[in-house]
Amino acid sequence: MRTEVIYAKPLGCCLKIKGGEKIVSTEFVPLKHKLGKIDLPSWEHTVHRSCDSVAAVSRELIRYFGGEIVDFSSCEVKLGSLTIFEKRVLEKTREIRYGQRLTYLELAGLIGTNGIRAVGNALAKNPIPIVIPCHRVVAKNGIGGYSGGVELKKKLLRFETANMQMLKG
DNA sequence: AGCAGGTTTAGCG
DNA sequence: CGCTAAACCTGCT
């Protein structure tokens with residue numbers, strides 16, 4: 001299993017990516033030092049690194065945080081130790097397109113359950129945020145919760161909509 | 001069994 | 001409107 005850390009500028013934090021054959025987790029790690037003094041893998045290092053899943057997803061994530069419209073459809077994820085229901089919720093969540101938003105209610109509808117809170121619970125266990133875009137699932141009136149903190153969720157949503165607008169205009 | 005959770009809806013002031 | 005209570009389903013103890 002390998003780990004790589006990239007800097008997510010729009011979020012003001014870093015992202016730690018773990019995986020072997022498939023991606024296992026992504027994790028937000030706060031900046032402890034001032035920008036510029038932090039020791040991060042350089043772009044070149046990341047880009048030229050060959051083709052295990054971690055490197056591949058790192059590349060995609062760097063593009064994503066650079067403002068490109070990236071869906072992580074090609075990247076394979078491993079959902080270990082989750083129930084069938086939770087996997088179903090997360091797989092469905094993966095289908096939400098860039099910039100699009102769904103309410104917990106709507107997502108529950110797609111899954112085919114009335115257990116809206118159960119859907120929220122499943123999302124809370126998402127081991128691979130960003131790649132599995134659980135931040136695109138919001139409350140009907142409001143934003144809803146986020147394991148990484150609601151502020152992060154807001155930033156992500158703003159970031160994506162801004163990039164969509166950019167693309168239009 | 002009982003409880004809590006990234007919600008939703010209805011009911012009431 | 002804003003607040004509270006109850007209902008929904010799933011997972012953990």
# chains A, B, ... in the order shown; residues from 1 in each chain; ligands from 1

$ closest_atom_pairs --of "chain A" --to "chain B" --cutoff "8 Å" --atoms "only C-alpha atoms (C1' of nucleotides)" --output "tab-separated table"
residue	atom	partner	partner_atom	distance
A:Tyr104	CA	B:DT7	C1'	7.2
A:Leu105	CA	B:DT7	C1'	7.8
A:Ile116	CA	B:DT7	C1'	5.7
A:Arg117	CA	B:DT7	C1'	5.1
A:Ala118	CA	B:DG5	C1'	7.6
A:Gly120	CA	B:DG6	C1'	5.0
A:Asn121	CA	B:DG5	C1'	6.0
A:Leu123	CA	B:DG6	C1'	6.9
A:Ala124	CA	B:DG6	C1'	5.8
A:Ala139	CA	B:DT7	C1'	7.2
A:Gly144	CA	B:DG6	C1'	5.7
A:Gly145	CA	B:DG6	C1'	3.7
A:Tyr146	CA	B:DG6	C1'	5.3
A:Ser147	CA	B:DG6	C1'	7.0

$ interface_residues --of "chain A" --to "chain C" --cutoff "12 Å" --atoms "only C-alpha atoms (C1' of nucleotides)" --output "list of chain:residue names"
A:Leu82, A:Thr83, A:Ile84, A:Phe85, A:Glu86, A:Val89, A:Leu105, A:Ala108, A:Gly112, A:Thr113, A:Asn114, A:Gly115, A:Ile116, A:Arg117, A:Ala118, A:Val119, A:Gly120, A:Asn121, A:Ala122, A:Lys125

$ write_last_selection --atoms "N, CA, C and O atoms" --output "mmCIF file, in the first residue's frame"
data_model
loop_
_atom_site.group_PDB
_atom_site.id
_atom_site.type_symbol
_atom_site.label_atom_id
_atom_site.label_comp_id
_atom_site.auth_asym_id
_atom_site.auth_seq_id
_atom_site.Cartn_x
_atom_site.Cartn_y
_atom_site.Cartn_z
ATOM 1 N N LEU A 82 -17.472 -2.155 4.291
ATOM 2 C CA LEU A 82 -18.731 -1.417 4.259
ATOM 3 C C LEU A 82 -19.855 -2.393 3.949
ATOM 4 O O LEU A 82 -19.642 -3.431 3.331
ATOM 5 N N THR A 83 -21.056 -2.055 4.378
ATOM 6 C CA THR A 83 -22.192 -2.935 4.107
ATOM 7 C C THR A 83 -22.631 -2.775 2.661
ATOM 8 O O THR A 83 -22.253 -1.824 1.977
ATOM 9 N N ILE A 84 -23.450 -3.717 2.212
ATOM 10 C CA ILE A 84 -23.973 -3.669 0.851
ATOM 11 C C ILE A 84 -24.694 -2.350 0.611
ATOM 12 O O ILE A 84 -24.500 -1.694 -0.414
ATOM 13 N N PHE A 85 -25.513 -1.997 1.572
ATOM 14 C CA PHE A 85 -26.284 -0.766 1.447
ATOM 15 C C PHE A 85 -25.365 0.443 1.286
ATOM 16 O O PHE A 85 -25.554 1.276 0.394
ATOM 17 N N GLU A 86 -24.364 0.514 2.117
ATOM 18 C CA GLU A 86 -23.446 1.649 2.064
ATOM 19 C C GLU A 86 -22.710 1.697 0.731
ATOM 20 O O GLU A 86 -22.519 2.767 0.146
ATOM 21 N N VAL A 89 -25.027 3.089 -1.904
ATOM 22 C CA VAL A 89 -25.141 4.541 -1.798
ATOM 23 C C VAL A 89 -23.914 5.223 -2.411
ATOM 24 O O VAL A 89 -24.036 6.154 -3.206
ATOM 25 N N LEU A 105 -32.718 13.344 -0.222
ATOM 26 C CA LEU A 105 -33.990 12.766 -0.626
ATOM 27 C C LEU A 105 -33.912 12.181 -2.029
ATOM 28 O O LEU A 105 -34.341 11.054 -2.275
ATOM 29 N N ALA A 108 -31.722 9.107 -2.135
ATOM 30 C CA ALA A 108 -32.466 7.987 -1.564
ATOM 31 C C ALA A 108 -33.426 7.419 -2.597
ATOM 32 O O ALA A 108 -33.580 6.206 -2.715
ATOM 33 N N GLY A 112 -33.619 3.773 -4.069
ATOM 34 C CA GLY A 112 -34.846 3.018 -3.904
ATOM 35 C C GLY A 112 -35.140 2.735 -2.448
ATOM 36 O O GLY A 112 -35.541 1.637 -2.074
ATOM 37 N N THR A 113 -34.939 3.734 -1.602
ATOM 38 C CA THR A 113 -35.250 3.572 -0.186
ATOM 39 C C THR A 113 -35.856 4.857 0.341
ATOM 40 O O THR A 113 -35.677 5.917 -0.246
ATOM 41 N N ASN A 114 -36.588 4.738 1.430
ATOM 42 C CA ASN A 114 -37.097 5.926 2.089
ATOM 43 C C ASN A 114 -36.202 6.329 3.258
ATOM 44 O O ASN A 114 -36.462 7.311 3.928
ATOM 45 N N GLY A 115 -35.182 5.544 3.470
ATOM 46 C CA GLY A 115 -34.298 5.811 4.598
ATOM 47 C C GLY A 115 -33.311 6.917 4.311
ATOM 48 O O GLY A 115 -32.122 6.697 4.087
ATOM 49 N N ILE A 116 -33.834 8.124 4.374
ATOM 50 C CA ILE A 116 -33.018 9.268 4.007
ATOM 51 C C ILE A 116 -31.850 9.447 4.969
ATOM 52 O O ILE A 116 -30.725 9.698 4.558
ATOM 53 N N ARG A 117 -32.132 9.272 6.213
ATOM 54 C CA ARG A 117 -31.068 9.405 7.200
ATOM 55 C C ARG A 117 -30.040 8.303 7.038
ATOM 56 O O ARG A 117 -28.848 8.517 7.239
ATOM 57 N N ALA A 118 -30.519 7.146 6.651
ATOM 58 C CA ALA A 118 -29.605 6.029 6.425
ATOM 59 C C ALA A 118 -28.635 6.368 5.289
ATOM 60 O O ALA A 118 -27.462 6.013 5.331
ATOM 61 N N VAL A 119 -29.160 7.081 4.286
ATOM 62 C CA VAL A 119 -28.306 7.515 3.185
ATOM 63 C C VAL A 119 -27.232 8.471 3.699
ATOM 64 O O VAL A 119 -26.058 8.352 3.361
ATOM 65 N N GLY A 120 -27.653 9.388 4.543
ATOM 66 C CA GLY A 120 -26.696 10.306 5.156
ATOM 67 C C GLY A 120 -25.635 9.567 5.944
ATOM 68 O O GLY A 120 -24.454 9.880 5.873
ATOM 69 N N ASN A 121 -26.063 8.559 6.649
ATOM 70 C CA ASN A 121 -25.117 7.754 7.423
ATOM 71 C C ASN A 121 -24.102 7.071 6.530
ATOM 72 O O ASN A 121 -22.922 7.000 6.853
ATOM 73 N N ALA A 122 -24.589 6.556 5.419
ATOM 74 C CA ALA A 122 -23.690 5.877 4.482
ATOM 75 C C ALA A 122 -22.670 6.867 3.923
ATOM 76 O O ALA A 122 -21.484 6.570 3.823
ATOM 77 N N LYS A 125 -19.703 7.692 5.934
ATOM 78 C CA LYS A 125 -18.636 6.690 6.011
ATOM 79 C C LYS A 125 -17.781 6.651 4.754
ATOM 80 O O LYS A 125 -16.907 5.790 4.638
#

$ atom_distance --atom1 "atom CA of Gly66 of chain A" --atom2 "atom CA of Arg2 of chain A"
23.3 Å

$ select_by_dssp --residues "segment 4-124 of chain A" --states "strand (DSSP E)" --output "list in words"
Glu4, Val5, Ile6, Tyr7, Ala8, Cys13, Cys14, Leu15, Lys16, Ile17, Lys18, Gly19, Ile23, Val24, Ser25, Thr26, Glu27, Phe28, Val29, Pro30, Leu102 and Thr103 of chain A
